[in-house]
Amino acid sequence: MAAIVLDGKEIAREIEEELKGRIGDLSKDGVTPCLAVVIVGNDPASHVYVGAKERACARLGIRSLRVDIAPDAEYGEVVSTVRRLNEDPGVNGVLVQSPLPSGMDEISITDLIDPIKDVDGFHAQNLGRLVQGDVSGLLPCTPAGVMRMLERAELDLRGKRAVVIGRSRIVGMPQSLLLAQRGVDATVTIAHSRTADMADLCRDADLIVAAVGSPNMITAEWVKPGATVIDVGVNRVADNSEKGYYLTGDVHPDVLDVAGALSPVPGGVGPMTIAMLMSNTVRATEMQH
């Protein structure tokens, strides 16, 4: 029997409907949430992502402010832009779109963002709260979106084995913390490029979260029948189509025949990430007011 497909688009629509009520409550007090996105350079994928964020803001009535900075700009211009947005009381959420041009320190720039406006959830203070088990603030959007997908699937992870493939500060590490937190109680293994016998680890797992950026790396032979598989990867693979590429995840399509539930690419974690960014923007606005 084929796996249940975890429809990120549908769950994201439900989240947006929830947010509309909270945005309406803020508007009664004369407050309109505002998200500022700083984009440095001309990376095509970054412009696609920023466009998706702007469209989500428009659907919800969130004010969207975009600041474009030239790819050859000095580091100091980015720093001064972030500081200006921090000080602007009309701006509730600030993010600097990744990747930055070579030579710019993304972590240092992220840590310049006021933690209460850090809607990406990457500031050291917000990640530190997560390490302490505090999930009441601004969480990294992709891991938070994965958790909402798992809640929607009514997956009981207490005592179950979870393997997170990837150890980035953006997805892998915060994802492992969220899965291991009290109330979720999964037993989590973090796998990465130096992990031995990764396929064996995955075959024992009740949940696999693949966030490694390697097209179709996780095959059906890696997956225990009935396991839940969350595919975070979005990879562009060249082909002869009009676009010149197609999108695929870290999980091979054949996994659909083995897994109990699977998130698709596209249409899975991607829409959830945008939805959780909108949620963080509303949450940041509520905390500031």
# chains A, B, ... in the order shown; residues from 1 in each chain; ligands from 1

call {"tool": "closest_atom_pairs", "arguments": {"of": "range 224-284 of chain A", "to": "range 119-124 of chain A", "cutoff": "8 Å", "atoms": "only C-alpha atoms", "output": "CSV"}}
result
residue,atom,partner,partner_atom,distance
A:Leu277,CA,A:Val119,CA,6.3
A:Asn280,CA,A:Val119,CA,5.3
A:Thr281,CA,A:Val119,CA,5.8
A:Ala284,CA,A:Val119,CA,7.2

call {"tool": "write_last_selection", "arguments": {"atoms": "N, CA and C atoms", "output": "mmCIF file, in the first residue's frame"}}
result
data_model
loop_
_atom_site.group_PDB
_atom_site.id
_atom_site.type_symbol
_atom_site.label_atom_id
_atom_site.label_comp_id
_atom_site.auth_asym_id
_atom_site.auth_seq_id
_atom_site.Cartn_x
_atom_site.Cartn_y
_atom_site.Cartn_z
ATOM 1 N N LEU A 277 6.965 30.968 8.933
ATOM 2 C CA LEU A 277 7.525 32.324 8.923
ATOM 3 C C LEU A 277 6.424 33.348 9.174
ATOM 4 N N ASN A 280 5.594 33.150 12.816
ATOM 5 C CA ASN A 280 6.597 33.844 13.633
ATOM 6 C C ASN A 280 6.442 35.355 13.551
ATOM 7 N N THR A 281 6.089 35.852 12.378
ATOM 8 C CA THR A 281 5.903 37.300 12.221
ATOM 9 C C THR A 281 4.740 37.789 13.078
ATOM 10 N N ALA A 284 5.851 37.511 16.749
ATOM 11 C CA ALA A 284 6.761 38.607 17.108
ATOM 12 C C ALA A 284 5.986 39.903 17.330
#

call {"tool": "residues_around", "arguments": {"residues": "Gly249 in chain A", "least_positions_apart": "4", "cutoff": "7 Å", "atoms": "only C-alpha atoms", "output": "list in words"}}
result
Pro215, Asn216, Asp231, Val232, Gly233, Val234, Asn235 and Val265 of chain A

call {"tool": "write_last_selection", "arguments": {"atoms": "N, CA and C atoms", "output": "tab-separated table (two decimals), in the first residue's frame"}}
result
chain	number	residue	atom	x	y	z
A	215	PRO	N	20.24	14.77	-3.91
A	215	PRO	CA	19.05	14.28	-4.61
A	215	PRO	C	18.85	12.77	-4.49
A	216	ASN	N	17.65	12.37	-4.04
A	216	ASN	CA	17.22	10.97	-4.01
A	216	ASN	C	18.15	10.05	-3.23
A	231	ASP	N	10.77	14.80	3.91
A	231	ASP	CA	11.79	15.19	2.94
A	231	ASP	C	11.94	16.71	2.95
A	232	VAL	N	13.02	17.18	3.54
A	232	VAL	CA	13.28	18.62	3.63
A	232	VAL	C	14.06	19.12	2.41
A	233	GLY	N	14.73	18.22	1.72
A	233	GLY	CA	15.61	18.63	0.62
A	233	GLY	C	14.86	19.20	-0.56
A	234	VAL	N	15.42	20.24	-1.16
A	234	VAL	CA	14.93	20.78	-2.42
A	234	VAL	C	16.15	20.92	-3.33
A	235	ASN	N	16.24	20.05	-4.32
A	235	ASN	CA	17.42	20.01	-5.18
A	235	ASN	C	17.02	20.26	-6.63
A	265	VAL	N	8.04	16.53	-2.49
A	265	VAL	CA	8.82	17.69	-2.95
A	265	VAL	C	8.54	17.85	-4.44

call {"tool": "select_by_dssp", "arguments": {"residues": "range 31-272 of chain A", "states": "helix (DSSP H, G or I)", "output": "NGL selection string"}}
result
:A and (44-60 or 75-87 or 106-110 or 115-117 or 124-131 or 141-152 or 172-180 or 198-203 or 220-222 or 253-257 or 269-272)

call {"tool": "select_by_dssp", "arguments": {"residues": "range 43-99 of chain A", "states": "strand (DSSP E or B)", "output": "list in words"}}
result
Arg63, Ser64, Leu65, Arg66, Val67, Asp68, Ile69, Gly93, Val94, Leu95 and Val96 of chain A

call {"tool": "residues_around", "arguments": {"residues": "Ser263 in chain A", "least_positions_apart": "5", "cutoff": "8 Å", "atoms": "only C-alpha atoms", "output": "ChimeraX atom specification"}}
result
/A:5-8,229-231,268-269

call {"tool": "write_last_selection", "arguments": {"atoms": "N, CA and C atoms", "output": "CSV table (one decimal), in the first residue's frame"}}
result
chain,number,residue,atom,x,y,z
A,5,VAL,N,0.4,10.7,1.7
A,5,VAL,CA,1.1,11.9,1.3
A,5,VAL,C,0.7,13.0,2.3
A,6,LEU,N,1.7,13.6,2.9
A,6,LEU,CA,1.5,14.7,3.9
A,6,LEU,C,1.5,16.0,3.1
A,7,ASP,N,0.3,16.5,2.9
A,7,ASP,CA,0.1,17.7,2.0
A,7,ASP,C,0.5,19.0,2.7
A,8,GLY,N,1.7,19.5,2.5
A,8,GLY,CA,2.1,20.7,3.1
A,8,GLY,C,1.3,21.9,2.7
A,229,VAL,N,8.4,9.4,6.7
A,229,VAL,CA,9.6,10.1,6.1
A,229,VAL,C,9.3,11.5,5.7
A,230,ILE,N,10.1,12.4,6.2
A,230,ILE,CA,9.9,13.9,6.0
A,230,ILE,C,11.1,14.3,5.1
A,231,ASP,N,10.8,14.8,3.9
A,231,ASP,CA,11.8,15.2,2.9
A,231,ASP,C,11.9,16.7,2.9
A,268,GLY,N,5.5,19.9,0.1
A,268,GLY,CA,5.6,19.4,1.4
A,268,GLY,C,6.1,20.4,2.4
A,269,VAL,N,7.3,20.2,2.8
A,269,VAL,CA,7.9,21.1,3.8
A,269,VAL,C,8.0,22.6,3.3

call {"tool": "atom_distance", "arguments": {"atom1": "CA of Leu150 in chain A", "atom2": "CA of Met287 in chain A"}}
result
26.3 Å

call {"tool": "decode", "arguments": {"residues": "range 24-71 of chain A", "atoms": "N, CA and C atoms", "output": "short mmCIF file (atom, residue, chain, number, x, y, z; two decimals), in the first residue's frame"}}
result
data_model
loop_
_atom_site.label_atom_id
_atom_site.label_comp_id
_atom_site.auth_asym_id
_atom_site.auth_seq_id
_atom_site.Cartn_x
_atom_site.Cartn_y
_atom_site.Cartn_z
N GLY A 24 -6.40 39.88 12.73
CA GLY A 24 -7.59 40.72 12.93
C GLY A 24 -7.63 41.32 14.31
N ASP A 25 -7.25 40.55 15.32
CA ASP A 25 -7.21 41.06 16.69
C ASP A 25 -6.19 42.19 16.82
N LEU A 26 -5.04 42.03 16.17
CA LEU A 26 -4.02 43.09 16.20
C LEU A 26 -4.53 44.36 15.51
N SER A 27 -5.24 44.17 14.40
CA SER A 27 -5.72 45.33 13.65
C SER A 27 -6.72 46.15 14.45
N LYS A 28 -7.45 45.49 15.36
CA LYS A 28 -8.39 46.22 16.21
C LYS A 28 -7.67 47.20 17.12
N ASP A 29 -6.40 46.90 17.41
CA ASP A 29 -5.58 47.80 18.22
C ASP A 29 -4.73 48.72 17.36
N GLY A 30 -5.02 48.75 16.05
CA GLY A 30 -4.29 49.63 15.15
C GLY A 30 -2.91 49.13 14.77
N VAL A 31 -2.69 47.82 14.89
CA VAL A 31 -1.38 47.24 14.61
C VAL A 31 -1.46 46.34 13.38
N THR A 32 -0.58 46.58 12.42
CA THR A 32 -0.44 45.71 11.25
C THR A 32 0.94 45.08 11.28
N PRO A 33 1.03 43.75 11.35
CA PRO A 33 2.35 43.11 11.36
C PRO A 33 3.14 43.48 10.11
N CYS A 34 4.45 43.66 10.29
CA CYS A 34 5.32 44.04 9.18
C CYS A 34 6.55 43.14 9.17
N LEU A 35 6.80 42.52 8.02
CA LEU A 35 7.97 41.66 7.83
C LEU A 35 8.93 42.34 6.86
N ALA A 36 10.17 42.53 7.30
CA ALA A 36 11.21 43.12 6.45
C ALA A 36 12.18 42.03 6.04
N VAL A 37 12.41 41.92 4.73
CA VAL A 37 13.34 40.92 4.18
C VAL A 37 14.48 41.66 3.51
N VAL A 38 15.70 41.35 3.94
CA VAL A 38 16.90 41.93 3.33
C VAL A 38 17.48 40.89 2.39
N ILE A 39 17.64 41.24 1.13
CA ILE A 39 18.19 40.31 0.16
C ILE A 39 19.43 40.95 -0.47
N VAL A 40 20.55 40.24 -0.33
CA VAL A 40 21.84 40.76 -0.80
C VAL A 40 22.26 39.94 -2.03
N GLY A 41 22.36 40.61 -3.17
CA GLY A 41 22.82 39.93 -4.37
C GLY A 41 21.69 39.46 -5.27
N ASN A 42 22.05 38.62 -6.24
CA ASN A 42 21.12 38.23 -7.31
C ASN A 42 20.92 36.73 -7.41
N ASP A 43 21.04 36.02 -6.29
CA ASP A 43 20.85 34.57 -6.33
C ASP A 43 19.42 34.26 -6.79
N PRO A 44 19.25 33.52 -7.90
CA PRO A 44 17.89 33.28 -8.44
C PRO A 44 16.97 32.58 -7.46
N ALA A 45 17.48 31.56 -6.77
CA ALA A 45 16.63 30.83 -5.83
C ALA A 45 16.16 31.74 -4.70
N SER A 46 17.05 32.63 -4.25
CA SER A 46 16.67 33.55 -3.17
C SER A 46 15.51 34.44 -3.60
N HIS A 47 15.56 34.90 -4.84
CA HIS A 47 14.48 35.77 -5.31
C HIS A 47 13.16 35.00 -5.42
N VAL A 48 13.23 33.72 -5.78
CA VAL A 48 12.02 32.89 -5.81
C VAL A 48 11.44 32.75 -4.41
N TYR A 49 12.29 32.46 -3.43
CA TYR A 49 11.83 32.29 -2.05
C TYR A 49 11.23 33.59 -1.51
N VAL A 50 11.90 34.70 -1.78
CA VAL A 50 11.41 35.99 -1.28
C VAL A 50 10.06 36.32 -1.90
N GLY A 51 9.90 35.99 -3.19
CA GLY A 51 8.62 36.21 -3.85
C GLY A 51 7.51 35.41 -3.19
N ALA A 52 7.80 34.17 -2.79
CA ALA A 52 6.80 33.35 -2.10
C ALA A 52 6.42 33.96 -0.76
N LYS A 53 7.40 34.52 -0.05
CA LYS A 53 7.14 35.16 1.24
C LYS A 53 6.27 36.41 1.04
N GLU A 54 6.55 37.17 0.00
CA GLU A 54 5.77 38.38 -0.26
C GLU A 54 4.31 38.03 -0.59
N ARG A 55 4.12 36.97 -1.35
CA ARG A 55 2.74 36.56 -1.70
C ARG A 55 1.99 36.09 -0.46
N ALA A 56 2.67 35.38 0.43
CA ALA A 56 2.02 34.95 1.68
C ALA A 56 1.63 36.15 2.52
N CYS A 57 2.50 37.14 2.61
CA CYS A 57 2.16 38.37 3.35
C CYS A 57 0.93 39.03 2.76
N ALA A 58 0.86 39.09 1.43
CA ALA A 58 -0.27 39.74 0.77
C ALA A 58 -1.58 39.00 1.08
N ARG A 59 -1.53 37.67 1.11
CA ARG A 59 -2.74 36.89 1.41
C ARG A 59 -3.26 37.16 2.81
N LEU A 60 -2.34 37.43 3.74
CA LEU A 60 -2.71 37.54 5.14
C LEU A 60 -2.91 38.97 5.62
N GLY A 61 -2.53 39.93 4.81
CA GLY A 61 -2.61 41.31 5.27
C GLY A 61 -1.44 41.73 6.13
N ILE A 62 -0.31 41.06 5.96
CA ILE A 62 0.94 41.45 6.62
C ILE A 62 1.70 42.40 5.70
N ARG A 63 2.16 43.50 6.24
CA ARG A 63 2.92 44.45 5.42
C ARG A 63 4.30 43.86 5.12
N SER A 64 4.66 43.87 3.85
CA SER A 64 5.94 43.30 3.41
C SER A 64 6.87 44.42 2.98
N LEU A 65 8.07 44.43 3.56
CA LEU A 65 9.07 45.43 3.24
C LEU A 65 10.31 44.70 2.73
N ARG A 66 10.70 44.99 1.52
CA ARG A 66 11.85 44.32 0.92
C ARG A 66 12.98 45.32 0.73
N VAL A 67 14.18 44.94 1.18
CA VAL A 67 15.35 45.79 1.04
C VAL A 67 16.36 45.04 0.19
N ASP A 68 16.58 45.54 -1.03
CA ASP A 68 17.55 44.92 -1.94
C ASP A 68 18.90 45.62 -1.81
N ILE A 69 19.95 44.82 -1.67
CA ILE A 69 21.31 45.34 -1.55
C ILE A 69 22.17 44.71 -2.65
N ALA A 70 22.98 45.50 -3.28
CA ALA A 70 23.79 45.03 -4.41
C ALA A 70 24.76 43.94 -3.96
N PRO A 71 25.09 42.99 -4.86
CA PRO A 71 26.00 41.89 -4.48
C PRO A 71 27.41 42.36 -4.12
#
